[in-house]
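coords32.cif follows (mmCIF, C-alpha atoms and all ligand atoms):
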```cif
data_run
#
loop_
_atom_site.label_atom_id
_atom_site.label_comp_id
_atom_site.auth_asym_id
_atom_site.auth_seq_id
_atom_site.Cartn_x
_atom_site.Cartn_y
_atom_site.Cartn_z
CA MET A 1 11.88 -1.77 33.64
CA LEU A 2 13.43 0.99 31.50
CA ASN A 3 13.98 -0.09 27.90
CA GLN A 4 15.66 1.71 24.97
CA VAL A 5 13.57 1.68 21.80
CA TYR A 6 15.25 2.90 18.59
CA ARG A 7 12.50 4.56 16.58
CA LEU A 8 12.49 6.00 13.09
CA VAL A 9 11.27 9.56 13.65
CA SER A 10 11.63 10.82 10.08
CA THR A 11 13.31 9.84 6.83
CA ARG A 12 16.70 8.29 7.61
CA GLN A 13 16.59 9.50 11.22
CA PHE A 14 16.40 7.24 14.29
CA GLU A 15 16.14 8.33 17.91
CA SER A 16 16.60 6.31 21.09
CA GLN A 17 13.54 6.63 23.32
CA THR A 18 13.33 5.30 26.89
CA ILE A 19 10.17 3.35 27.62
CA ASP A 20 9.12 2.11 31.05
CA GLU A 21 7.92 -1.47 30.42
CA ASN A 22 6.04 -3.77 32.80
CA LEU A 23 6.35 -7.51 32.21
CA THR A 24 3.06 -9.41 32.51
CA SER A 25 2.96 -13.09 33.53
CA ASN A 26 2.12 -14.07 29.96
CA GLU A 27 5.15 -12.32 28.48
CA ILE A 28 8.82 -13.08 27.95
CA ILE A 29 11.85 -10.77 27.55
CA VAL A 30 14.13 -11.31 24.54
CA ARG A 31 17.39 -9.55 23.66
CA PRO A 32 17.48 -9.11 19.86
CA THR A 33 20.72 -10.44 18.31
CA TYR A 34 20.37 -10.66 14.50
CA LEU A 35 18.03 -8.31 12.64
CA SER A 36 17.24 -8.66 8.94
CA ILE A 37 16.01 -5.77 6.79
CA CYS A 38 12.84 -6.12 4.67
CA LYS A 39 11.84 -3.96 1.71
CA ALA A 40 8.99 -2.70 3.91
CA ASP A 41 11.54 -1.33 6.40
CA GLN A 42 13.42 0.35 3.56
CA ARG A 43 10.22 2.08 2.38
CA TYR A 44 9.80 3.68 5.81
CA PHE A 45 13.50 4.45 6.21
CA SER A 46 13.71 6.19 2.84
CA GLY A 47 10.29 7.88 3.16
CA ASN A 48 8.85 5.87 0.24
CA ARG A 49 5.36 5.85 1.76
CA SER A 50 2.70 8.56 1.55
CA GLN A 51 3.12 11.44 3.98
CA ALA A 52 -0.23 10.50 5.53
CA VAL A 53 1.04 6.98 6.27
CA LEU A 54 4.35 8.28 7.62
CA ASN A 55 2.52 10.80 9.85
CA LYS A 56 0.30 8.02 11.16
CA LYS A 57 2.96 5.36 11.75
CA LEU A 58 6.12 7.23 12.81
CA PRO A 59 7.83 7.34 15.25
CA MET A 60 8.21 3.56 15.14
CA ALA A 61 10.95 0.99 15.66
CA LEU A 62 11.64 -0.84 12.39
CA ILE A 63 12.45 -4.49 11.70
CA HIS A 64 10.08 -7.48 11.78
CA GLU A 65 12.62 -10.16 10.84
CA ALA A 66 14.80 -11.05 13.82
CA ILE A 67 16.09 -13.66 16.25
CA GLY A 68 17.22 -13.08 19.80
CA THR A 69 18.17 -14.77 23.06
CA VAL A 70 15.78 -15.28 25.94
CA VAL A 71 16.63 -13.02 28.90
CA TYR A 72 13.78 -13.90 31.27
CA ASP A 73 10.69 -16.13 31.14
CA PRO A 74 8.48 -15.93 34.27
CA GLN A 75 6.80 -19.18 33.19
CA ASN A 76 10.17 -20.97 32.66
CA LYS A 77 8.97 -22.43 29.34
CA PHE A 78 12.20 -21.06 27.83
CA SER A 79 15.65 -21.01 29.43
CA ALA A 80 17.77 -17.85 29.56
CA GLY A 81 20.18 -17.80 26.61
CA GLU A 82 18.01 -19.88 24.28
CA THR A 83 17.80 -18.63 20.69
CA VAL A 84 14.29 -17.80 19.50
CA ALA A 85 12.70 -16.28 16.42
CA MET A 86 10.31 -13.45 17.25
CA ILE A 87 6.90 -13.43 15.56
CA PRO A 88 5.97 -9.85 14.56
CA ASN A 89 2.23 -10.39 14.25
CA THR A 90 0.26 -10.22 17.52
CA PRO A 91 -3.44 -11.09 17.05
CA SER A 92 -5.87 -9.98 19.76
CA HIS A 93 -8.28 -12.88 19.13
CA GLN A 94 -8.66 -16.11 17.19
CA SER A 95 -11.01 -16.91 14.31
CA PRO A 96 -12.11 -20.36 13.04
CA ILE A 97 -12.16 -18.92 9.52
CA VAL A 98 -9.71 -16.00 9.15
CA LYS A 99 -6.01 -16.84 9.50
CA GLU A 100 -4.34 -14.81 12.32
CA ASN A 101 -2.26 -12.72 9.89
CA TYR A 102 -5.42 -11.40 8.17
CA LEU A 103 -7.44 -10.56 11.30
CA THR A 104 -8.31 -6.86 11.27
CA ASN A 105 -7.18 -5.60 14.71
CA ASN A 106 -3.74 -7.22 14.53
CA HIS A 107 -0.64 -5.52 15.82
CA PHE A 108 2.15 -6.07 13.27
CA ARG A 109 5.52 -4.88 14.58
CA SER A 110 7.24 -2.26 12.36
CA SER A 111 3.89 -1.46 10.74
CA GLY A 112 2.20 0.88 13.18
CA TYR A 113 3.75 -0.80 16.24
CA ASP A 114 7.35 -0.94 17.45
CA GLY A 115 9.49 -3.49 15.66
CA PHE A 116 12.55 -5.31 16.97
CA MET A 117 15.06 -2.41 17.01
CA GLN A 118 14.99 -2.35 20.79
CA GLU A 119 17.34 -3.05 23.71
CA TYR A 120 14.86 -5.71 24.89
CA VAL A 121 11.63 -6.94 23.30
CA PHE A 122 8.66 -7.85 25.51
CA LEU A 123 6.51 -10.44 23.74
CA ARG A 124 3.59 -12.72 24.47
CA HIS A 125 4.72 -16.35 25.01
CA ASP A 126 3.13 -17.53 21.81
CA ARG A 127 5.06 -14.90 19.81
CA VAL A 128 8.45 -16.60 20.20
CA ILE A 129 9.58 -19.93 18.77
CA LYS A 130 12.77 -21.89 19.43
CA ILE A 131 15.46 -21.89 16.72
CA PRO A 132 17.58 -25.07 16.46
CA GLN A 133 21.20 -24.46 17.44
CA ASP A 134 22.57 -25.61 14.06
CA PHE A 135 20.73 -22.87 12.14
CA GLU A 136 23.16 -20.24 10.80
CA PRO A 137 22.11 -17.07 12.74
CA ASN A 138 22.26 -14.66 9.77
CA MET A 139 19.90 -17.02 7.89
CA ALA A 140 17.71 -17.64 10.94
CA ALA A 141 17.31 -13.83 11.18
CA PHE A 142 14.99 -13.95 8.15
CA THR A 143 12.87 -16.86 9.40
CA GLU A 144 9.90 -14.48 9.21
CA MET A 145 10.37 -14.05 5.46
CA ILE A 146 10.72 -17.83 5.10
CA SER A 147 7.44 -18.18 7.03
CA VAL A 148 5.86 -15.78 4.52
CA GLY A 149 6.90 -18.24 1.83
CA VAL A 150 5.27 -21.09 3.76
CA GLN A 151 2.07 -19.04 4.06
CA ALA A 152 2.06 -18.31 0.30
CA LEU A 153 2.71 -21.91 -0.79
CA THR A 154 0.11 -23.18 1.72
CA ASN A 155 -2.43 -20.71 0.33
CA LEU A 156 -1.58 -21.77 -3.23
CA LYS A 157 -2.06 -25.44 -2.33
CA GLU A 158 -5.45 -24.61 -0.76
CA THR A 159 -6.63 -22.70 -3.82
CA MET A 160 -5.17 -24.31 -6.95
CA ASP A 161 -6.93 -26.88 -9.15
CA ALA A 162 -5.61 -30.39 -9.83
CA ASP A 163 -3.05 -29.23 -12.43
CA GLN A 164 0.30 -29.39 -10.62
CA ASP A 165 2.57 -29.60 -13.69
CA ILE A 166 4.40 -26.26 -13.65
CA ILE A 167 4.82 -23.65 -10.89
CA GLY A 168 6.06 -20.26 -12.11
CA ILE A 169 7.66 -17.62 -9.88
CA TRP A 170 7.96 -14.04 -11.11
CA GLY A 171 10.64 -12.17 -9.17
CA ASP A 172 14.36 -13.04 -8.98
CA GLY A 173 15.02 -11.44 -5.57
CA ASN A 174 14.73 -12.36 -1.89
CA LEU A 175 11.09 -13.44 -1.80
CA GLY A 176 11.25 -15.27 -5.13
CA TYR A 177 14.39 -17.09 -4.00
CA ILE A 178 12.87 -18.10 -0.66
CA ILE A 179 9.66 -19.39 -2.26
CA ALA A 180 11.64 -21.20 -4.95
CA SER A 181 13.75 -22.86 -2.22
CA LEU A 182 10.58 -24.04 -0.44
CA ALA A 183 8.58 -24.98 -3.54
CA LYS A 184 9.93 -28.53 -3.87
CA SER A 185 8.81 -29.24 -0.28
CA PHE A 186 5.24 -28.32 -1.27
CA PHE A 187 5.21 -29.51 -4.88
CA PRO A 188 7.93 -32.18 -5.23
CA GLU A 189 6.59 -33.44 -8.59
CA SER A 190 6.07 -30.04 -10.18
CA LYS A 191 8.40 -28.32 -12.60
CA LEU A 192 9.71 -25.00 -11.19
CA ILE A 193 10.34 -22.06 -13.53
CA ILE A 194 11.68 -18.66 -12.45
CA PHE A 195 11.06 -15.44 -14.39
CA GLY A 196 13.31 -12.50 -13.56
CA ARG A 197 14.89 -9.34 -14.84
CA HIS A 198 18.55 -10.06 -14.15
CA GLN A 199 20.58 -12.99 -15.47
CA TYR A 200 23.12 -12.67 -12.63
CA LYS A 201 20.25 -13.14 -10.16
CA LEU A 202 18.62 -15.95 -12.12
CA ASP A 203 21.99 -17.74 -11.96
CA TYR A 204 21.44 -18.16 -8.19
CA PHE A 205 18.33 -20.27 -8.99
CA SER A 206 20.42 -23.18 -10.32
CA PHE A 207 18.11 -25.60 -8.46
CA ALA A 208 15.09 -24.52 -10.51
CA ASP A 209 14.14 -26.55 -13.59
CA GLU A 210 14.23 -23.50 -15.89
CA THR A 211 14.80 -19.76 -15.65
CA TYR A 212 13.85 -17.03 -18.13
CA LEU A 213 14.53 -13.35 -18.46
CA VAL A 214 11.11 -11.72 -18.66
CA SER A 215 12.23 -10.07 -21.89
CA ASP A 216 12.76 -13.49 -23.45
CA ILE A 217 9.89 -15.85 -22.55
CA PRO A 218 8.83 -18.26 -25.33
CA PRO A 219 5.33 -17.08 -26.40
CA GLU A 220 3.87 -20.60 -26.11
CA LEU A 221 5.19 -21.19 -22.55
CA LYS A 222 2.34 -21.67 -20.05
CA VAL A 223 2.61 -22.37 -16.30
CA SER A 224 -0.11 -24.12 -14.28
CA HIS A 225 0.02 -21.60 -11.41
CA ALA A 226 2.18 -18.59 -10.50
CA LEU A 227 3.48 -16.59 -7.57
CA GLU A 228 4.16 -12.88 -8.13
CA CYS A 229 7.12 -11.79 -5.96
CA THR A 230 8.09 -8.46 -7.51
CA GLY A 231 6.29 -5.51 -5.93
CA GLY A 232 6.48 -1.81 -6.77
CA SER A 233 5.92 -0.76 -10.35
CA GLY A 234 7.23 -4.16 -11.52
CA SER A 235 4.20 -6.01 -10.25
CA GLN A 236 1.77 -4.58 -12.83
CA ILE A 237 3.99 -5.79 -15.66
CA ALA A 238 4.55 -9.10 -13.87
CA VAL A 239 0.84 -9.77 -13.30
CA ASP A 240 0.09 -8.87 -16.93
CA GLN A 241 2.79 -11.26 -18.12
CA ILE A 242 1.56 -14.02 -15.79
CA ILE A 243 -1.98 -13.67 -17.15
CA ASN A 244 -0.54 -14.21 -20.63
CA HIS A 245 1.55 -17.22 -19.60
CA ILE A 246 -0.81 -19.19 -17.37
CA ARG A 247 -3.14 -22.07 -18.22
CA PRO A 248 -6.92 -21.70 -17.94
CA MET A 249 -8.19 -21.83 -14.34
CA GLY A 250 -4.70 -21.16 -13.03
CA THR A 251 -4.14 -19.52 -9.64
CA ILE A 252 -1.98 -16.41 -9.24
CA MET A 253 -0.63 -15.69 -5.74
CA LEU A 254 -0.03 -11.96 -5.29
CA LEU A 255 2.75 -11.09 -2.81
CA GLY A 256 4.47 -7.96 -4.12
CA VAL A 257 3.65 -4.72 -2.29
CA SER A 258 2.88 -1.67 -4.44
CA GLU A 259 2.32 1.81 -3.06
CA ASN A 260 -0.24 2.55 -5.77
CA PRO A 261 -3.07 0.43 -7.20
CA ILE A 262 -2.05 -1.57 -10.29
CA GLU A 263 -4.10 -2.20 -13.43
CA ILE A 264 -5.14 -5.79 -14.16
CA ASN A 265 -6.56 -7.13 -17.45
CA THR A 266 -9.77 -8.45 -15.90
CA ARG A 267 -11.21 -9.36 -19.31
CA LEU A 268 -8.55 -12.10 -19.65
CA VAL A 269 -8.94 -13.06 -15.97
CA LEU A 270 -12.64 -13.74 -16.68
CA GLU A 271 -12.07 -15.43 -20.04
CA ARG A 272 -9.51 -17.86 -18.59
CA GLY A 273 -11.28 -18.43 -15.27
CA LEU A 274 -8.21 -17.34 -13.32
CA THR A 275 -8.03 -17.03 -9.52
CA LEU A 276 -6.02 -14.20 -7.95
CA ARG A 277 -5.25 -14.59 -4.24
CA GLY A 278 -3.38 -12.18 -2.01
CA SER A 279 -0.86 -13.49 0.50
CA SER A 280 0.63 -11.27 3.18
CA ARG A 281 2.72 -11.84 6.30
CA SER A 282 2.42 -15.14 8.17
CA SER A 283 1.16 -16.94 11.26
CA ARG A 284 2.79 -18.86 14.11
CA GLU A 285 1.88 -22.04 12.22
CA ASP A 286 3.93 -20.81 9.23
CA PHE A 287 6.93 -20.18 11.50
CA GLU A 288 6.59 -23.74 12.83
CA GLY A 289 6.32 -25.02 9.24
CA ALA A 290 9.39 -23.09 8.13
CA ILE A 291 11.49 -24.33 11.06
CA ASN A 292 10.31 -27.94 10.54
CA ILE A 293 11.22 -27.86 6.83
CA LEU A 294 14.66 -26.36 7.54
CA ALA A 295 15.35 -28.67 10.51
CA LYS A 296 14.75 -31.72 8.30
CA ASP A 297 16.36 -30.45 5.10
CA CYS A 298 19.91 -29.12 5.46
CA LYS A 299 20.14 -28.69 1.66
CA THR A 300 17.37 -26.08 1.76
CA ARG A 301 19.05 -24.51 4.78
CA GLU A 302 22.34 -24.24 2.87
CA ARG A 303 20.49 -22.88 -0.16
CA LEU A 304 18.91 -20.16 1.99
CA CYS A 305 22.35 -19.27 3.36
CA ASN A 306 23.12 -18.17 -0.25
CA LEU A 307 20.60 -15.41 0.41
CA ILE A 308 22.70 -13.90 3.23
CA GLY A 309 23.84 -10.57 1.78
CA GLU A 310 25.56 -7.72 3.61
CA THR A 311 26.14 -8.42 7.31
CA GLN A 312 27.52 -6.02 9.91
CA LYS A 313 27.78 -5.54 13.67
CA VAL A 314 25.98 -2.33 14.67
CA SER A 315 26.68 -0.63 18.02
CA SER A 316 25.36 2.88 17.33
CA ILE A 317 22.46 4.60 15.57
CA LYS A 318 25.01 6.01 13.12
CA GLU A 319 26.06 2.48 12.15
CA VAL A 320 22.39 1.45 11.74
CA VAL A 321 21.77 4.36 9.34
CA SER A 322 24.85 3.51 7.30
CA PHE A 323 23.84 -0.16 7.18
CA PHE A 324 20.35 0.71 5.92
CA GLU A 325 21.98 2.87 3.24
CA LYS A 326 24.36 0.03 2.28
CA ASP A 327 21.49 -2.49 2.19
CA SER A 328 19.42 -0.24 -0.07
CA THR A 329 22.13 -0.36 -2.75
CA SER A 330 23.00 -4.05 -2.33
CA SER A 331 22.29 -6.07 -5.48
CA TRP A 332 21.64 -9.47 -3.91
CA GLY A 333 20.51 -10.97 -0.63
CA LYS A 334 19.23 -10.09 2.80
CA GLY A 335 21.06 -7.46 4.84
CA VAL A 336 21.50 -8.65 8.45
CA MET A 337 22.62 -6.53 11.42
CA ARG A 338 24.39 -8.12 14.42
CA TRP A 339 22.59 -6.07 17.07
CA GLU A 340 25.05 -4.75 19.68
CA ILE A 341 23.48 -1.43 20.67
N1 LIG A 401 3.44 -10.42 0.94
C1 LIG A 401 4.30 -10.41 1.94
O1 LIG A 401 4.01 -10.81 3.09
C2 LIG A 401 5.66 -9.88 1.69
C3 LIG A 401 5.88 -9.07 0.60
N2 LIG A 401 7.12 -8.60 0.32
C4 LIG A 401 7.23 -7.74 -0.86
O2 LIG A 401 7.65 -8.53 -1.96
C5 LIG A 401 8.31 -7.67 -2.91
C6 LIG A 401 9.65 -8.28 -3.28
O3 LIG A 401 10.48 -8.25 -2.11
P1 LIG A 401 12.00 -8.74 -2.28
O4 LIG A 401 12.04 -10.06 -2.94
O5 LIG A 401 12.66 -8.56 -0.96
O6 LIG A 401 12.56 -7.62 -3.31
P2 LIG A 401 13.79 -7.79 -4.31
O7 LIG A 401 14.06 -6.42 -4.85
O8 LIG A 401 14.86 -8.56 -3.66
O9 LIG A 401 13.21 -8.72 -5.48
C7 LIG A 401 12.31 -8.29 -6.48
C8 LIG A 401 12.95 -8.73 -7.81
O10 LIG A 401 11.92 -8.81 -8.81
C9 LIG A 401 12.44 -8.15 -9.98
N3 LIG A 401 11.34 -7.72 -10.83
C10 LIG A 401 10.80 -6.50 -10.94
N4 LIG A 401 9.81 -6.49 -11.85
C11 LIG A 401 9.73 -7.76 -12.34
C12 LIG A 401 8.92 -8.41 -13.31
N5 LIG A 401 7.98 -7.74 -13.98
N6 LIG A 401 9.12 -9.73 -13.56
C13 LIG A 401 10.08 -10.41 -12.87
N7 LIG A 401 10.88 -9.86 -11.94
C14 LIG A 401 10.71 -8.55 -11.69
C15 LIG A 401 13.24 -7.01 -9.41
O11 LIG A 401 14.09 -6.47 -10.38
P3 LIG A 401 14.42 -4.87 -10.26
O12 LIG A 401 15.20 -4.73 -8.98
O13 LIG A 401 15.21 -4.57 -11.50
O14 LIG A 401 13.09 -4.16 -10.20
C16 LIG A 401 13.99 -7.72 -8.29
O15 LIG A 401 15.14 -8.38 -8.77
C17 LIG A 401 8.41 -6.29 -2.23
O16 LIG A 401 7.35 -5.49 -2.66
C18 LIG A 401 8.25 -6.62 -0.75
O17 LIG A 401 7.74 -5.55 0.02
C19 LIG A 401 8.22 -8.91 1.09
C20 LIG A 401 8.05 -9.70 2.21
C21 LIG A 401 6.76 -10.22 2.61
O1 LIG A 402 7.04 -7.31 4.61
C1 LIG A 402 5.97 -7.73 4.96
C2 LIG A 402 5.84 -8.92 5.81
O2 LIG A 402 7.08 -9.55 6.00
C3 LIG A 402 4.71 -6.99 4.61
O3 LIG A 402 4.71 -6.69 3.21
C4 LIG A 402 4.74 -5.69 5.41
O4 LIG A 402 4.52 -6.05 6.77
C5 LIG A 402 3.63 -4.78 4.94
O5 LIG A 402 3.58 -3.78 5.94
P1 LIG A 402 3.36 -2.24 5.51
O6 LIG A 402 1.92 -2.16 5.10
O7 LIG A 402 3.67 -1.45 6.75
O8 LIG A 402 4.29 -1.97 4.37
ZN ZN A 403 8.77 -8.20 5.52
#
```
Starting from the file, lay out its structure as structure tokens.
Amino acid sequence: MLNQVYRLVSTRQFESQTIDENLTSNEIIVRPTYLSICKADQRYFSGNRSQAVLNKKLPMALIHEAIGTVVYDPQNKFSAGETVAMIPNTPSHQSPIVKENYLTNNHFRSSGYDGFMQEYVFLRHDRVIKIPQDFEPNMAAFTEMISVGVQALTNLKETMDADQDIIGIWGDGNLGYIIASLAKSFFPESKLIIFGRHQYKLDYFSFADETYLVSDIPPELKVSHALECTGGSGSQIAVDQIINHIRPMGTIMLLGVSENPIEINTRLVLERGLTLRGSSRSSREDFEGAINILAKDCKTRERLCNLIGETQKVSSIKEVVSFFEKDSTSSWGKGVMRWEI
């Protein structure tokens, strides 16, 4: 079957390429409908990766946050027209120890393998998951990012000590907001404090117990554990600040992506017995967890709808480029394309 794949070929330039695809019995065909842009997509689109990485990974279809409708399922596990979230990570084997999103020879769509900017997506059965009909589609489009939050909070719960008093989140943007929205499901008794750089963004976190501008944190304030959700150059400052505002033996979850290594004050990490744990991407189990939480808790669903930013129908490559440009300058929320190419 001939399929149009819309690949980024160079900075800010997409091309439609025709691929002849063969459906295997263990695969399903999905028509993408709502596609949500991640900061990782923006780094490729704007060329904010090393030339070596760009040479290695491009041309490549972007987008790893998307929902779609089932077109054909040879195993009839899904009916045509059903709405599904597509899981971007495709592991080639299982491990009793390593979670599927950390296995080495993974294929992660839009990171070396074609993402969801396609006419049709051919996926393994276990890489799609049903989305309840009452989920707002622009919010459901970023189920993957919500599943990343489930993975991070699950990892924190696995690693932290018995002190559950105060959970601190550094980062007042998309990832920080998602994790803050999920935190009460994981730590209902804990106090939630958000640390950000913009008061107008912190104002969205009205459900948190406290918020602070990072330029104005009381020196004596200490959190039990923290999640760093900043990335880029901000993460070095954030991690340094967390180390200075965390209790002994606290756990720091690292989620922000930086192009260059960051410096960490290891002397204080040792002195305070801190644990740093990386958390990246997510597994099918995290998608199931995210959907279960949202299906049961419409308040969290509504809260996450506050994260819907720019939305637009796109029916040409030109409109995709202009939407990426618009998203890159948007001050709040997730940009979501209604895919009509
Ligand atoms: N680990 C994973 O699996 C995933 C990682 N990510 C990564 O997470 C990072 C954040 O993504 P996203 O939330 O979408 O980005 P956003 O830009 O929406 O949010 C980041 C926010 O953190 C603020 N910030 C920067 N420095 C600090 C600091 N020192 N203390 C507190 N806040 C700070 C930023 O302010 P300002 O804009 O002024 O810098 C911005 O408002 C990115 O690097 C992204 O690639 C995203 C998805 C999954
Ligand atoms: O956004 C993410 C997951 O949702 C990851 O940070 C992203 O997949 C990292 O990929 P790359 O190394 O290609 O930037
Ligand atoms: Zn992402």
Please tabulate, as CSV, the residues of chain A that come within 7 Å of ligand LIG 401 (chain A), each with its closest pair of atoms and the distance in Å to one decimal, counting all atoms listed in the file and ordering rows by chain, then residue number upward.
```
residue,atom,partner,partner_atom,distance
A:Cys38,CA,A:LIG401,O5,6.1
A:Lys39,CA,A:LIG401,O17,4.7
A:Ala40,CA,A:LIG401,O17,5.0
A:Met145,CA,A:LIG401,C20,5.9
A:Val148,CA,A:LIG401,O1,5.5
A:Trp170,CA,A:LIG401,C13,4.6
A:Gly171,CA,A:LIG401,O10,3.6
A:Asp172,CA,A:LIG401,C8,4.7
A:Gly173,CA,A:LIG401,O9,3.3
A:Asn174,CA,A:LIG401,O4,3.7
A:Leu175,CA,A:LIG401,O4,3.7
A:Gly176,CA,A:LIG401,O4,5.7
A:Phe195,CA,A:LIG401,C13,5.3
A:Gly196,CA,A:LIG401,C13,3.9
A:Arg197,CA,A:LIG401,N7,5.0
A:His198,CA,A:LIG401,O15,6.6
A:Val214,CA,A:LIG401,N6,5.8
A:Cys229,CA,A:LIG401,C6,5.1
A:Thr230,CA,A:LIG401,O10,4.1
A:Gly231,CA,A:LIG401,O16,3.4
A:Gly232,CA,A:LIG401,O16,5.6
A:Gly234,CA,A:LIG401,N4,3.5
A:Ser235,CA,A:LIG401,N5,5.6
A:Ile237,CA,A:LIG401,N5,4.7
A:Ala238,CA,A:LIG401,N5,3.7
A:Leu255,CA,A:LIG401,N1,3.9
A:Gly256,CA,A:LIG401,O2,3.9
A:Val257,CA,A:LIG401,O16,3.8
A:Ser258,CA,A:LIG401,O16,6.1
A:Ser279,CA,A:LIG401,N1,5.3
A:Ser280,CA,A:LIG401,O1,3.4
A:Arg281,CA,A:LIG401,O1,3.6
A:Ser282,CA,A:LIG401,O1,6.9
A:Trp332,CA,A:LIG401,O8,6.8
A:Gly333,CA,A:LIG401,O8,6.8
```
I'd like the contact shell of segment 217-223 of chain A - 9 Å cut-off, all atoms listed in the file, skipping same-chain residues fewer than 6 positions apart - returned as a PDB file with C-alpha atoms, keeping the file's coordinate frame.
```pdb
ATOM      1  CA  ASP A 165       2.570 -29.600 -13.690  1.00  0.00           C
ATOM      2  CA  ILE A 166       4.400 -26.260 -13.650  1.00  0.00           C
ATOM      3  CA  ILE A 167       4.820 -23.650 -10.890  1.00  0.00           C
ATOM      4  CA  GLY A 168       6.060 -20.260 -12.110  1.00  0.00           C
ATOM      5  CA  ILE A 193      10.340 -22.060 -13.530  1.00  0.00           C
ATOM      6  CA  PHE A 195      11.060 -15.440 -14.390  1.00  0.00           C
ATOM      7  CA  ILE A 242       1.560 -14.020 -15.790  1.00  0.00           C
ATOM      8  CA  ASN A 244      -0.540 -14.210 -20.630  1.00  0.00           C
ATOM      9  CA  HIS A 245       1.550 -17.220 -19.600  1.00  0.00           C
ATOM     10  CA  ILE A 246      -0.810 -19.190 -17.370  1.00  0.00           C
ATOM     11  CA  ARG A 247      -3.140 -22.070 -18.220  1.00  0.00           C
ATOM     12  CA  GLY A 250      -4.700 -21.160 -13.030  1.00  0.00           C
TER      13      GLY A 250
END
```
Just to confirm, what's the straight-line distance from atom CA of Ser10 of chain A to atom O3 of ligand LIG 402 (chain A) in Å (one decimal)? 20.0 Å
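What separates atom CA of Phe108 of chain A from atom CA of Val321 of chain A is a distance of 22.6 Å.
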From atom CA of Leu153 of chain A to atom CA of Ala183 of chain A the spacing works out at 7.2 Å
Show which residues sit within 10 Å of Gln118 of chain A, as an mmCIF file with C-alpha atoms, in the frame of the given file. Count only C-alpha atoms, and ignore same-chain residues fewer than 6 positions away.
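This is the output file out21.cif:
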```
data_model
loop_
_atom_site.group_PDB
_atom_site.id
_atom_site.type_symbol
_atom_site.label_atom_id
_atom_site.label_comp_id
_atom_site.auth_asym_id
_atom_site.auth_seq_id
_atom_site.Cartn_x
_atom_site.Cartn_y
_atom_site.Cartn_z
ATOM 1 C CA ASN A 3 13.980 -0.090 27.900
ATOM 2 C CA GLN A 4 15.660 1.710 24.970
ATOM 3 C CA VAL A 5 13.570 1.680 21.800
ATOM 4 C CA TYR A 6 15.250 2.900 18.590
ATOM 5 C CA ARG A 7 12.500 4.560 16.580
ATOM 6 C CA SER A 16 16.600 6.310 21.090
ATOM 7 C CA GLN A 17 13.540 6.630 23.320
ATOM 8 C CA THR A 18 13.330 5.300 26.890
ATOM 9 C CA VAL A 30 14.130 -11.310 24.540
ATOM 10 C CA ARG A 31 17.390 -9.550 23.660
ATOM 11 C CA PRO A 32 17.480 -9.110 19.860
ATOM 12 C CA ALA A 61 10.950 0.990 15.660
ATOM 13 C CA LEU A 62 11.640 -0.840 12.390
ATOM 14 C CA ILE A 63 12.450 -4.490 11.700
ATOM 15 C CA TRP A 339 22.590 -6.070 17.070
ATOM 16 C CA ILE A 341 23.480 -1.430 20.670
#
```
If we count all atoms listed in the file and set the cut-off at 8 Å, which residues sit around Gln164 of chain A, ignoring sequence neighbours fewer than 5 positions away in its own chain? Please answer as a PDB file with C-alpha atoms, keeping the file's coordinate frame.
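Final output, saved to part19.pdb:
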```pdb
ATOM      1  CA  PHE A 187       5.210 -29.510  -4.880  1.00  0.00           C
ATOM      2  CA  GLU A 189       6.590 -33.440  -8.590  1.00  0.00           C
ATOM      3  CA  SER A 190       6.070 -30.040 -10.180  1.00  0.00           C
ATOM      4  CA  SER A 224      -0.110 -24.120 -14.280  1.00  0.00           C
ATOM      5  CA  HIS A 225       0.020 -21.600 -11.410  1.00  0.00           C
TER       6      HIS A 225
END
```
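With only C-alpha atoms as the basis for measurement, A:Leu182 is the residue among A:Leu8, A:Ile97, A:Leu182, A:Leu2 that approaches Ala290 of chain A most closely.
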Set the distance at 7 Å and use all atoms listed in the file: which residues neighbour His107 of chain A once local chain neighbours fewer than 3 positions away are removed? I'd like the list as an MDAnalysis selection string. chainID A and resid 89:91 113
For the residues selected in the previous step, produce a file with C-alpha atoms as a CSV table (one decimal), keeping the file's coordinate frame.
```csv
chain,number,residue,atom,x,y,z
A,89,ASN,CA,2.2,-10.4,14.2
A,90,THR,CA,0.3,-10.2,17.5
A,91,PRO,CA,-3.4,-11.1,17.0
A,113,TYR,CA,3.8,-0.8,16.2
```
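Nearest to Gln241 of chain A of all the residues A:Arg303, A:Ile169, A:Asp327, A:Tyr200 is A:Ile169, counting all atoms listed in the file.
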Pick out the closest residue to Ser181 of chain A from this set: A:Ser233, A:Thr329, A:Asn306, A:Thr211. Count all atoms listed in the file. A:Asn306
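The residue that comes closest to ligand ZN 403 (chain A), out of A:Glu119, A:Asp73, A:Glu65, A:Asp203 and on the basis of all atoms listed in the file, is A:Glu65.
Nearest-residue note for Thr24 of chain A: choosing from A:Leu304, A:Leu123, A:Met337, A:Leu202, the minimum distance belongs to A:Leu123, counting all atoms listed in the file.
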